[in-house]
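A.B. asks: Before anything else, here's the structure in question.
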There are 2 protein chains.
Amino acid sequence: MDCCVIPLRHGGLSLVQTTDFFYPLVEDPYMMGRIACANVLSDLYAMGITECDNMLMLLSVSQKMNDKERERVMPLMIKGFRDAAEEGGTSVTGGQTVVNPWIIIGGVATVVCQPTDFIMPDSAVPGDVLVLTKPLGTQVAVNAHQWLDMPDKWNKIKLVVSREEVEQAYQEAMFNMATLNRTAAALMHTFNAHAATDITGFGILGHARNLAQQQRSDVAFVIHNLPIIAKMAAISKACGNRFGLLQGTSSETSGGLLICLPREQAARFCAEMKSCRHGPGGPLGQEGAAEGQQAWIIGIVEKGNRCARIIDKPRIIEVPPRGSIGGSQEGGSNNTNTPSPSDIQSTVVN
Amino acid sequence: MDCCVIPLRHGGLSLVQTTDFFYPLVEDPYMMGRIACANVLSDLYAMGITECDNMLMLLSVSQKMNDKERERVMPLMIKGFRDAAEEGGTSVTGGQTVVNPWIIIGGVATVVCQPTDFIMPDSAVPGDVLVLTKPLGTQVAVNAHQWLDMPDKWNKIKLVVSREEVEQAYQEAMFNMATLNRTAAALMHTFNAHAATDITGFGILGHARNLAQQQRSDVAFVIHNLPIIAKMAAISKACGNRFGLLQGTSSETSGGLLICLPREQAARFCAEMKSCRHGPGGPLGQEGAAEGQQAWIIGIVEKGNRCARIIDKPRIIEVPPRGSIGGSQEGGSNNTNTPSPSDIQSTVVN
């Protein structure tokens, strides 16, 4: 499970808790703070929990930074973390900082819940469909962006992608990683989700397998569609598939939720995701950042042996960055590369 | 405060939580694990909380260790951490591990409490006395032990201490750091403690000052006695006081609790500490390690300006390591260097 759930001595309540910390992977310290916080909260959201009672921040300051660098970078990172926590309806009340060769940022999210507040990730049944709430490809985008300044690496991919496309994909990845999965968590209750997990280090297939293993029914997850930030599939191929993006094993950071939903609810779930305001800037949309988030029906739940697989030749859904021409949220569903949820449903389910 | 206390939405309950992590400071990985866990739990104990609902372990494995070293060291460290958690009546249900240049070990302790379960550290009044539940000098002992193999350093202190004394002091420091403050936390309720904190990185004076600042009454803390692991005061002096041990600023790791107790309760508190079985091996004494723990009345609470100080020429109480001749727990109170609590009380209070 993404969190630990501890029954308490008090009236049927449970303590739900998760921790995560890692090294910076984007250059913008403010966004890095947001991503770290979104990543910690995501484990709660994967259980359909929308509230967080407390957040602790874990930080290590690099001994290799001079005072000036520290003063410029660390407050921004902390601010990003705090802002994302606030967007999640919680606040950072404590934590610990040490000095270390490398920067580390992470946190601990804790909530005390009633049994109806969370959805145990074990109730998928044959006939459910799989929904994914963020596109894949964050690792490829982050790496490709680093390669802009590394001629050896850049030469390998420059035939399939332009510098501008990489820049846009990187911005899109950063935006997605910093987006909370909170709306998806709330909609899991509305649309009767049967199980969910968040997509991080093991890639879509790794996490689908973990989730399949936890199911009480004899089920198998079959993934038909892979929504991927535009051009990242081409980069992965040009690199000889070393990322494993099309195989579902490319690591993601602060990825979307993979949710098992009753078939008849899935399209409405996706439509509702698109109409809710969220993303960095928040459900309140203070920064005007988002008018809704795409979600995709990517596969089905069959009878099976608690395993997961991607079909041969999955359909790659190229998700245009919102910074690109015609790549706005609104434009997305009119693009032949990004079918609407109902298009996908008919592809997958029929 | 040593913990964050978050009021919950559920029936008067509070979430109390703390985190701490640091780098290894003793060579024995098992003991290091115990110390790290004792150190995290200590923040709960300082608030008179005796239970812990959940413990998360935070770990980074050093990239500089080879596979063989990792396999030898890390399981021992984890076992030490888990054993101490078990002694604290809790268990480790999750956490996170990363690879890092340096080893890091720490944790997150969380409990959901009723208001009567914890003692807010703000109710000291003039007339209270200050009790300390572990001797000072852990940093000096750990450093002196490292100097055994560093002739330059050793030459500076060899006139005031023998190698055997350093070895014994190191063992004593390690034992004390690994001892949970849980008995002290329980006795805080029995004897109506008014406030407490645990002694760690800021030294006895630093933490006394922090505690004094939080008091609701106009009080000052005056420290008269410094219980110090035997010979560590002499080492600190021989080093030109660079540790600040006699000034109360020497850093401690997983130190004792500093508790403000009503004057008439303090001697009974110390007596009760001595008669309870605890220490590594636990209140249950499975490992037969301990038959009680000394505590010392070290100062008084006066009317004042929410500050703390150590008197000129404080009385140094040389605490003999239990490994030394005549240094057993039982022998302690017969030794002229370690007055019984009532001796100290009369020194301090009269």
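Numbering starts fresh at 1 for the residues of each chain in the structure tokens, the chains themselves are lettered A, B, ... in the order given, and ligands are numbered from 1 as they appear.
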Find the residues around B:Phe221 up to 10 Å (only C-alpha atoms counted), leave out those fewer than 4 positions away in its own chain, and share them as a JSON list (two decimals) with C-alpha atoms, in the first residue's frame.
C.D. replies:
[["chain", "number", "residue", "atom", "x", "y", "z"],
["B", 124, "ALA", "CA", 6.72, 25.74, 35.75],
["B", 125, "VAL", "CA", 6.36, 27.97, 38.81],
["B", 126, "PRO", "CA", 8.84, 29.51, 41.24],
["B", 128, "ASP", "CA", 9.82, 24.01, 41.40],
["B", 129, "VAL", "CA", 13.05, 22.09, 41.11],
["B", 130, "LEU", "CA", 14.82, 20.91, 37.95],
["B", 205, "LEU", "CA", 21.74, 25.29, 29.00],
["B", 208, "ALA", "CA", 16.85, 24.98, 29.60],
["B", 209, "ARG", "CA", 16.65, 28.41, 27.96],
["B", 211, "LEU", "CA", 12.04, 25.67, 28.01],
["B", 212, "ALA", "CA", 12.19, 28.78, 30.21],
["B", 260, "CYS", "CA", 10.31, 20.93, 36.30],
["B", 299, "GLY", "CA", 18.58, 23.25, 39.94],
["B", 300, "ILE", "CA", 15.68, 25.41, 40.95],
["B", 301, "VAL", "CA", 12.97, 27.51, 39.39],
["B", 302, "GLU", "CA", 12.97, 31.11, 40.64],
["B", 303, "LYS", "CA", 10.94, 34.15, 39.80],
["B", 304, "GLY", "CA", 12.54, 35.69, 36.73],
["B", 305, "ASN", "CA", 12.52, 36.73, 33.15],
["B", 306, "ARG", "CA", 12.06, 33.41, 31.32],
["B", 307, "CYS", "CA", 15.78, 32.78, 31.13],
["B", 308, "ALA", "CA", 18.14, 30.06, 32.35],
["B", 309, "ARG", "CA", 21.65, 30.09, 33.73],
["B", 310, "ILE", "CA", 24.27, 27.94, 35.40]]
A.B. asks: Based on only C-alpha atoms, which of the residues in chain B come within 7 Å of chain A? I want them as a ChimeraX atom specification.
C.D. replies: /B:4,19-20,93-96,101
A.B. asks: So that I have them on file, write out the residues from the current selection with all heavy atoms, as a tab-separated table (two decimals), in the first residue's frame.
C.D. replies:
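Produced file selection28.tsv, reproduced below:
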chain	number	residue	atom	x	y	z
B	4	CYS	N	5.18	18.63	17.40
B	4	CYS	CA	4.05	19.46	17.02
B	4	CYS	C	2.77	18.79	17.51
B	4	CYS	O	2.65	17.55	17.51
B	4	CYS	CB	4.03	19.74	15.53
B	4	CYS	SG	4.19	18.31	14.49
B	19	THR	N	9.95	14.40	14.33
B	19	THR	CA	10.91	13.70	13.47
B	19	THR	C	12.32	14.14	13.81
B	19	THR	O	12.55	15.27	14.24
B	19	THR	CB	10.63	13.94	11.97
B	19	THR	OG1	11.57	13.20	11.20
B	19	THR	CG2	10.78	15.42	11.60
B	20	ASP	N	13.24	13.26	13.60
B	20	ASP	CA	14.65	13.56	13.83
B	20	ASP	C	15.47	12.58	13.01
B	20	ASP	O	15.13	11.40	12.91
B	20	ASP	CB	14.98	13.35	15.32
B	20	ASP	CG	15.75	14.55	15.87
B	20	ASP	OD1	16.44	15.22	15.10
B	20	ASP	OD2	15.65	14.79	17.09
B	93	THR	N	6.38	0.69	10.78
B	93	THR	CA	5.48	0.17	9.75
B	93	THR	C	5.83	0.70	8.37
B	93	THR	O	5.19	0.32	7.39
B	93	THR	CB	4.03	0.58	10.01
B	93	THR	OG1	3.98	2.00	9.98
B	93	THR	CG2	3.56	0.07	11.36
B	94	GLY	N	6.77	1.59	8.28
B	94	GLY	CA	7.07	2.13	6.95
B	94	GLY	C	8.27	3.01	7.03
B	94	GLY	O	8.97	3.03	8.04
B	95	GLY	N	8.49	3.74	5.95
B	95	GLY	CA	9.63	4.65	5.92
B	95	GLY	C	10.13	4.77	4.52
B	95	GLY	O	9.43	4.48	3.55
B	96	GLN	N	11.34	5.20	4.40
B	96	GLN	CA	11.90	5.47	3.07
B	96	GLN	C	13.40	5.30	3.17
B	96	GLN	O	14.02	5.67	4.18
B	96	GLN	CB	11.52	6.90	2.67
B	96	GLN	CG	12.35	7.52	1.61
B	96	GLN	CD	11.81	7.29	0.21
B	96	GLN	OE1	11.09	6.32	-0.03
B	96	GLN	NE2	12.14	8.16	-0.71
B	101	PRO	N	25.72	10.01	-0.14
B	101	PRO	CA	27.14	9.87	0.21
B	101	PRO	C	27.33	9.41	1.66
B	101	PRO	O	28.22	8.62	1.96
B	101	PRO	CB	27.68	11.28	0.01
B	101	PRO	CG	26.78	11.87	-1.04
B	101	PRO	CD	25.43	11.29	-0.77
A.B. asks: Given identical sequences, can you show me chain A least-squares superposed on chain B via all its Cα atoms in order, as a compact mmCIF listing (two decimals) with C-alpha atoms, in the first residue's frame?
C.D. replies:
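superposed-v6.txt was written with the following content:
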# COMPACT_ATOMS: atom_id res chain seq x y z
CA MET A 1 8.13 22.52 21.72
CA ASP A 2 9.73 19.18 21.07
CA CYS A 3 6.73 17.94 19.07
CA CYS A 4 4.03 19.47 16.97
CA VAL A 5 0.56 19.12 18.46
CA ILE A 6 -2.29 19.32 15.98
CA PRO A 7 -5.90 19.43 17.18
CA LEU A 8 -7.92 16.88 15.22
CA ARG A 9 -11.46 17.03 13.93
CA HIS A 10 -12.33 14.01 16.05
CA GLY A 11 -13.59 14.28 19.65
CA GLY A 12 -10.95 16.35 21.39
CA LEU A 13 -8.05 14.27 20.14
CA SER A 14 -4.67 15.68 19.16
CA LEU A 15 -2.08 14.43 16.74
CA VAL A 16 1.40 14.64 18.24
CA GLN A 17 4.29 14.11 15.94
CA THR A 18 8.04 14.51 15.78
CA THR A 19 10.87 13.70 13.42
CA ASP A 20 14.62 13.55 13.79
CA PHE A 21 17.42 12.16 11.69
CA PHE A 22 21.19 12.44 11.77
CA TYR A 23 24.49 10.82 10.93
CA PRO A 24 25.96 7.88 12.84
CA LEU A 25 28.13 8.88 15.77
CA VAL A 26 28.98 5.52 17.29
CA GLU A 27 30.69 2.65 15.55
CA ASP A 28 28.35 -0.13 16.58
CA PRO A 29 25.57 -0.16 13.97
CA TYR A 30 23.10 -1.98 16.22
CA MET A 31 23.55 0.57 19.01
CA MET A 32 23.37 3.38 16.44
CA GLY A 33 19.95 2.11 15.38
CA ARG A 34 18.80 2.01 18.99
CA ILE A 35 20.12 5.52 19.64
CA ALA A 36 18.39 6.95 16.56
CA CYS A 37 15.08 5.49 17.62
CA ALA A 38 15.48 6.52 21.29
CA ASN A 39 16.27 10.01 20.06
CA VAL A 40 13.08 10.27 17.99
CA LEU A 41 10.86 8.86 20.74
CA SER A 42 12.45 11.22 23.26
CA ASP A 43 10.52 14.17 21.86
CA LEU A 44 7.26 12.40 22.73
CA TYR A 45 8.55 11.42 26.16
CA ALA A 46 9.48 15.03 26.88
CA MET A 47 5.76 15.80 26.67
CA GLY A 48 4.91 13.03 29.10
CA ILE A 49 3.62 10.84 26.30
CA THR A 50 4.37 7.18 26.94
CA GLU A 51 2.76 5.59 23.90
CA CYS A 52 3.58 5.85 20.22
CA ASP A 53 1.06 4.76 17.60
CA ASN A 54 3.43 4.55 14.69
CA MET A 55 7.08 4.83 13.81
CA LEU A 56 8.47 5.43 10.34
CA MET A 57 12.15 4.86 9.71
CA LEU A 58 14.16 7.24 7.50
CA LEU A 59 17.35 5.79 6.16
CA SER A 60 20.01 6.59 3.65
CA VAL A 61 22.52 3.97 2.69
CA SER A 62 25.99 5.23 1.89
CA GLN A 63 27.02 4.89 -1.74
CA LYS A 64 30.59 4.59 -0.46
CA MET A 65 29.94 1.24 1.15
CA ASN A 66 30.43 -1.87 -0.94
CA ASP A 67 27.75 -4.56 -1.02
CA LYS A 68 29.41 -6.59 1.70
CA GLU A 69 29.63 -3.62 4.05
CA ARG A 70 26.02 -2.72 3.39
CA GLU A 71 24.83 -6.22 4.06
CA ARG A 72 26.73 -6.32 7.33
CA VAL A 73 25.93 -2.85 8.62
CA MET A 74 22.44 -1.86 7.50
CA PRO A 75 20.48 -4.86 8.84
CA LEU A 76 22.09 -4.37 12.25
CA MET A 77 21.21 -0.69 12.27
CA ILE A 78 17.64 -1.46 11.25
CA LYS A 79 17.40 -4.16 13.91
CA GLY A 80 18.60 -1.76 16.59
CA PHE A 81 16.03 0.79 15.49
CA ARG A 82 13.24 -1.79 15.47
CA ASP A 83 14.22 -3.22 18.85
CA ALA A 84 14.14 0.21 20.46
CA ALA A 85 10.76 0.90 18.83
CA GLU A 86 9.46 -2.34 20.27
CA GLU A 87 10.78 -1.38 23.68
CA GLY A 88 8.80 1.83 23.25
CA GLY A 89 5.66 -0.24 22.67
CA THR A 90 5.40 0.64 18.99
CA SER A 91 6.58 -0.78 15.71
CA VAL A 92 8.09 0.42 12.49
CA THR A 93 5.47 0.15 9.75
CA GLY A 94 7.05 2.11 6.96
CA GLY A 95 9.60 4.62 5.92
CA GLN A 96 11.88 5.43 3.06
CA THR A 97 15.41 4.55 2.09
CA VAL A 98 17.64 6.39 -0.38
CA VAL A 99 21.27 6.13 -1.42
CA ASN A 100 23.41 9.05 -0.29
CA PRO A 101 27.10 9.83 0.17
CA TRP A 102 26.61 9.58 3.94
CA ILE A 103 24.56 7.24 6.08
CA ILE A 104 21.53 8.91 7.62
CA ILE A 105 19.25 7.32 10.16
CA GLY A 106 16.17 8.73 11.82
CA GLY A 107 12.47 8.40 12.11
CA VAL A 108 9.05 9.89 12.59
CA ALA A 109 7.08 9.14 15.76
CA THR A 110 3.34 9.77 15.77
CA VAL A 111 0.65 9.37 18.37
CA VAL A 112 -2.98 10.36 18.68
CA CYS A 113 -3.64 11.55 22.22
CA GLN A 114 -6.33 12.61 24.58
CA PRO A 115 -5.62 15.88 26.38
CA THR A 116 -4.69 14.05 29.59
CA ASP A 117 -2.04 12.00 27.80
CA PHE A 118 0.41 14.84 27.39
CA ILE A 119 1.84 17.60 29.55
CA MET A 120 2.24 20.96 27.85
CA PRO A 121 5.71 22.28 28.74
CA ASP A 122 4.59 25.65 30.05
CA SER A 123 3.55 25.38 33.71
CA ALA A 124 6.74 25.73 35.77
CA VAL A 125 6.36 27.95 38.83
CA PRO A 126 8.87 29.47 41.27
CA GLY A 127 9.69 26.88 43.88
CA ASP A 128 9.83 23.98 41.42
CA VAL A 129 13.07 22.07 41.11
CA LEU A 130 14.84 20.89 37.95
CA VAL A 131 15.52 17.19 37.53
CA LEU A 132 17.78 15.64 34.89
CA THR A 133 17.43 11.95 34.00
CA LYS A 134 20.70 11.16 32.21
CA PRO A 135 24.24 12.40 32.82
CA LEU A 136 25.82 14.89 30.42
CA GLY A 137 28.98 14.39 28.39
CA THR A 138 27.95 12.15 25.47
CA GLN A 139 29.65 14.33 22.87
CA VAL A 140 32.90 14.50 24.81
CA ALA A 141 32.85 10.73 25.34
CA VAL A 142 32.24 10.03 21.64
CA ASN A 143 35.00 12.41 20.58
CA ALA A 144 37.51 11.18 23.15
CA HIS A 145 36.88 7.65 21.97
CA GLN A 146 37.72 8.64 18.39
CA TRP A 147 40.90 10.27 19.67
CA LEU A 148 42.21 6.96 21.01
CA ASP A 149 43.49 6.37 17.48
CA MET A 150 44.63 9.94 16.81
CA PRO A 151 47.94 10.58 18.60
CA ASP A 152 47.78 14.37 18.11
CA LYS A 153 44.46 14.59 19.83
CA TRP A 154 45.14 11.89 22.40
CA ASN A 155 48.30 13.63 23.60
CA LYS A 156 46.20 16.61 24.70
CA ILE A 157 44.09 14.59 27.08
CA LYS A 158 46.22 11.62 28.10
CA LEU A 159 47.38 13.35 31.28
CA VAL A 160 43.84 13.58 32.64
CA VAL A 161 42.34 10.28 31.53
CA SER A 162 43.37 6.69 30.81
CA ARG A 163 42.47 4.73 27.69
CA GLU A 164 40.39 2.41 29.81
CA GLU A 165 38.46 5.31 31.33
CA VAL A 166 37.70 6.65 27.86
CA GLU A 167 36.54 3.23 26.72
CA GLN A 168 34.26 2.93 29.74
CA ALA A 169 32.90 6.44 29.33
CA TYR A 170 32.15 5.70 25.68
CA GLN A 171 30.28 2.54 26.61
CA GLU A 172 28.38 4.46 29.26
CA ALA A 173 27.50 7.24 26.81
CA MET A 174 26.33 4.70 24.24
CA PHE A 175 24.22 2.93 26.82
CA ASN A 176 22.67 6.19 28.00
CA MET A 177 21.94 7.43 24.48
CA ALA A 178 20.20 4.13 23.70
CA THR A 179 18.09 4.25 26.86
CA LEU A 180 14.51 5.37 26.30
CA ASN A 181 13.16 8.22 28.39
CA ARG A 182 9.90 6.34 28.66
CA THR A 183 10.01 5.67 32.40
CA ALA A 184 10.67 9.34 33.05
CA ALA A 185 7.69 10.22 30.84
CA ALA A 186 5.40 7.95 32.85
CA LEU A 187 6.67 9.32 36.17
CA MET A 188 6.05 12.89 34.98
CA HIS A 189 2.34 12.11 35.36
CA THR A 190 2.74 10.34 38.72
CA PHE A 191 4.65 13.25 40.23
CA ASN A 192 2.80 16.11 38.59
CA ALA A 193 5.55 17.52 36.36
CA HIS A 194 4.98 21.12 35.28
CA ALA A 195 7.14 21.16 32.13
CA ALA A 196 9.92 19.18 30.47
CA THR A 197 12.19 18.99 27.47
CA ASP A 198 14.83 16.59 26.26
CA ILE A 199 18.50 17.47 26.09
CA THR A 200 20.03 17.22 22.63
CA GLY A 201 22.02 19.44 20.29
CA PHE A 202 21.88 22.73 22.21
CA GLY A 203 23.24 21.27 25.45
CA ILE A 204 21.68 21.49 28.89
CA LEU A 205 21.75 25.29 29.01
CA GLY A 206 20.38 25.77 25.50
CA HIS A 207 17.44 23.51 26.13
CA ALA A 208 16.87 24.98 29.62
CA ARG A 209 16.68 28.42 27.98
CA ASN A 210 14.22 27.22 25.33
CA LEU A 211 12.05 25.67 28.01
CA ALA A 212 12.19 28.78 30.22
CA GLN A 213 11.01 30.93 27.32
CA GLN A 214 7.88 28.85 26.92
CA GLN A 215 6.69 29.26 30.52
CA ARG A 216 3.47 31.06 31.32
CA SER A 217 4.75 32.28 34.71
CA ASP A 218 7.66 34.68 35.14
CA VAL A 219 10.32 32.16 35.99
CA ALA A 220 14.06 31.64 35.69
CA PHE A 221 15.85 28.31 35.76
CA VAL A 222 19.04 28.18 37.82
CA ILE A 223 21.27 25.14 37.43
CA HIS A 224 23.52 24.30 40.41
CA ASN A 225 24.69 20.76 39.66
CA LEU A 226 26.03 19.15 36.51
CA PRO A 227 25.94 15.33 36.52
CA ILE A 228 28.59 14.34 33.99
CA ILE A 229 29.95 10.98 32.90
CA ALA A 230 33.14 10.52 34.96
CA LYS A 231 36.29 12.18 33.57
CA MET A 232 34.47 13.99 30.77
CA ALA A 233 34.65 17.29 32.68
CA ALA A 234 38.42 16.87 32.95
CA ILE A 235 38.72 16.15 29.23
CA SER A 236 36.61 19.19 28.38
CA LYS A 237 38.88 21.37 30.57
CA ALA A 238 42.02 19.85 29.05
CA CYS A 239 40.69 20.85 25.63
CA GLY A 240 40.34 24.46 26.72
CA ASN A 241 36.60 24.12 27.21
CA ARG A 242 36.01 23.90 23.48
CA PHE A 243 33.14 21.50 24.10
CA GLY A 244 31.46 23.91 26.51
CA LEU A 245 30.54 21.01 28.74
CA LEU A 246 30.88 22.96 32.01
CA GLN A 247 29.18 25.95 30.39
CA GLY A 248 26.20 23.75 29.53
CA THR A 249 26.55 24.19 25.78
CA SER A 250 28.10 20.86 24.82
CA SER A 251 25.84 19.08 22.40
CA GLU A 252 24.21 15.88 23.64
CA THR A 253 22.62 13.08 21.63
CA SER A 254 19.50 11.37 22.92
CA GLY A 255 20.07 12.99 26.32
CA GLY A 256 17.86 12.83 29.37
CA LEU A 257 14.74 14.76 30.20
CA LEU A 258 15.02 18.07 32.03
CA ILE A 259 11.87 18.20 34.13
CA CYS A 260 10.32 20.92 36.30
CA LEU A 261 8.78 19.19 39.30
CA PRO A 262 7.11 20.46 42.45
CA ARG A 263 9.83 20.55 45.11
CA GLU A 264 8.11 18.04 47.36
CA GLN A 265 7.83 15.49 44.55
CA ALA A 266 11.32 15.60 43.12
CA ALA A 267 13.12 13.29 45.52
CA ARG A 268 10.38 10.70 45.15
CA PHE A 269 10.61 11.04 41.37
CA CYS A 270 14.34 10.29 41.51
CA ALA A 271 13.83 7.35 43.89
CA GLU A 272 11.16 5.91 41.63
CA MET A 273 13.40 6.27 38.56
CA LYS A 274 16.03 4.24 40.35
CA SER A 275 13.67 1.44 41.27
CA CYS A 276 12.08 1.01 37.81
CA ARG A 277 13.64 -1.48 35.45
CA HIS A 278 14.54 0.12 32.14
CA GLY A 279 17.37 0.95 29.77
CA PRO A 280 18.33 -0.98 26.63
CA GLY A 281 16.78 -4.32 27.24
CA GLY A 282 13.73 -2.50 28.23
CA PRO A 283 11.19 -2.11 30.96
CA LEU A 284 10.89 -5.85 30.61
CA GLY A 285 14.61 -6.19 31.22
CA GLN A 286 14.98 -9.05 28.74
CA GLU A 287 18.64 -8.31 28.34
CA GLY A 288 19.07 -7.79 32.04
CA ALA A 289 20.67 -4.48 31.25
CA ALA A 290 19.24 -2.15 33.79
CA GLU A 291 17.79 -2.14 37.22
CA GLY A 292 16.91 1.49 37.32
CA GLN A 293 18.27 4.78 36.19
CA GLN A 294 19.70 7.63 38.17
CA ALA A 295 18.14 11.04 38.10
CA TRP A 296 19.50 14.18 39.71
CA ILE A 297 18.01 17.32 41.11
CA ILE A 298 20.17 19.85 39.33
CA GLY A 299 18.59 23.23 39.96
CA ILE A 300 15.69 25.39 40.98
CA VAL A 301 12.98 27.49 39.41
CA GLU A 302 12.98 31.08 40.69
CA LYS A 303 10.96 34.13 39.84
CA GLY A 304 12.56 35.69 36.77
CA ASN A 305 12.54 36.73 33.19
CA ARG A 306 12.09 33.39 31.35
CA CYS A 307 15.79 32.76 31.16
CA ALA A 308 18.16 30.05 32.37
CA ARG A 309 21.68 30.08 33.78
CA ILE A 310 24.28 27.91 35.43
CA ILE A 311 25.68 29.26 38.71
CA ASP A 312 29.35 30.16 39.02
CA LYS A 313 31.26 27.03 39.92
CA PRO A 314 28.48 24.51 39.62
CA ARG A 315 28.94 21.26 41.50
CA ILE A 316 30.22 18.62 39.10
CA ILE A 317 28.72 15.22 39.87
CA GLU A 318 31.08 12.60 38.43
CA VAL A 319 28.85 9.76 37.30
CA PRO A 320 30.84 6.52 37.24
CA PRO A 321 30.30 4.30 34.19
CA ARG A 322 28.60 1.07 35.15
CA GLY A 323 31.49 -0.85 33.64
CA SER A 324 34.00 0.67 36.07
CA ILE A 325 34.99 -0.67 39.48
CA GLY A 326 32.43 0.43 42.01
CA GLY A 327 30.51 2.00 39.22
CA SER A 328 27.46 -0.24 39.27
CA GLN A 329 24.04 1.33 39.55
CA GLU A 330 23.81 0.14 43.15
CA GLY A 331 27.17 1.53 44.07
CA GLY A 332 26.38 4.94 42.72
CA SER A 333 24.67 6.46 45.68
CA ASN A 334 27.37 5.28 48.10
CA ASN A 335 30.02 7.12 46.14
CA THR A 336 30.88 10.53 47.50
CA ASN A 337 30.96 11.83 43.95
CA THR A 338 27.36 10.89 43.29
CA PRO A 339 25.19 12.17 46.12
CA SER A 340 21.76 10.68 46.54
CA PRO A 341 18.84 12.74 45.33
CA SER A 342 18.13 13.96 48.84
CA ASP A 343 21.74 15.11 49.31
CA ILE A 344 21.49 17.07 46.11
CA GLN A 345 18.15 18.48 46.99
CA SER A 346 19.48 19.90 50.22
CA THR A 347 22.46 21.34 48.34
CA VAL A 348 20.37 22.94 45.71
CA VAL A 349 17.24 23.95 47.45
CA ASN A 350 18.55 25.24 50.75
A.B. asks: Identify all residues of stretch 81-247 of chain A in strand (DSSP E or B) (DSSP on the backbone) and supply them as a ChimeraX atom specification.
C.D. replies: /A:92-100,104-113,129-132,136,195-198,219-229
A.B. asks: Please identify which residues in stretch 180-256 of chain A DSSP calls helix (DSSP H, G or I) from the backbone, and express them as an mmCIF file with C-alpha atoms, in the first residue's frame.
C.D. replies:
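Dumped everything to part27.cif:
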data_model
loop_
_atom_site.group_PDB
_atom_site.id
_atom_site.type_symbol
_atom_site.label_atom_id
_atom_site.label_comp_id
_atom_site.auth_asym_id
_atom_site.auth_seq_id
_atom_site.Cartn_x
_atom_site.Cartn_y
_atom_site.Cartn_z
ATOM 1 C CA ARG A 182 -6.320 15.843 -4.706
ATOM 2 C CA THR A 183 -9.184 16.302 -7.175
ATOM 3 C CA ALA A 184 -8.750 12.730 -8.355
ATOM 4 C CA ALA A 185 -8.859 11.567 -4.722
ATOM 5 C CA ALA A 186 -12.147 13.371 -4.140
ATOM 6 C CA LEU A 187 -13.669 12.002 -7.350
ATOM 7 C CA MET A 188 -12.683 8.453 -6.353
ATOM 8 C CA HIS A 189 -15.441 8.680 -3.744
ATOM 9 C CA THR A 190 -17.973 10.296 -6.097
ATOM 10 C CA GLY A 203 6.636 3.152 -13.780
ATOM 11 C CA ILE A 204 3.059 2.518 -14.846
ATOM 12 C CA LEU A 205 3.534 -1.235 -15.243
ATOM 13 C CA GLY A 206 5.392 -1.700 -11.963
ATOM 14 C CA HIS A 207 2.727 0.083 -9.985
ATOM 15 C CA ALA A 208 -0.085 -1.654 -11.918
ATOM 16 C CA ARG A 209 1.506 -4.987 -10.948
ATOM 17 C CA ASN A 210 1.785 -3.990 -7.290
ATOM 18 C CA LEU A 211 -1.838 -2.922 -7.276
ATOM 19 C CA ALA A 212 -3.005 -6.105 -9.036
ATOM 20 C CA GLN A 213 -1.268 -8.231 -6.403
ATOM 21 C CA MET A 232 8.774 11.619 -25.225
ATOM 22 C CA ALA A 233 7.888 8.279 -26.835
ATOM 23 C CA ALA A 234 10.028 9.201 -29.838
ATOM 24 C CA ILE A 235 12.942 10.173 -27.602
ATOM 25 C CA SER A 236 12.656 6.922 -25.668
ATOM 26 C CA LYS A 237 12.737 4.958 -28.952
ATOM 27 C CA ALA A 238 15.684 6.989 -30.249
#
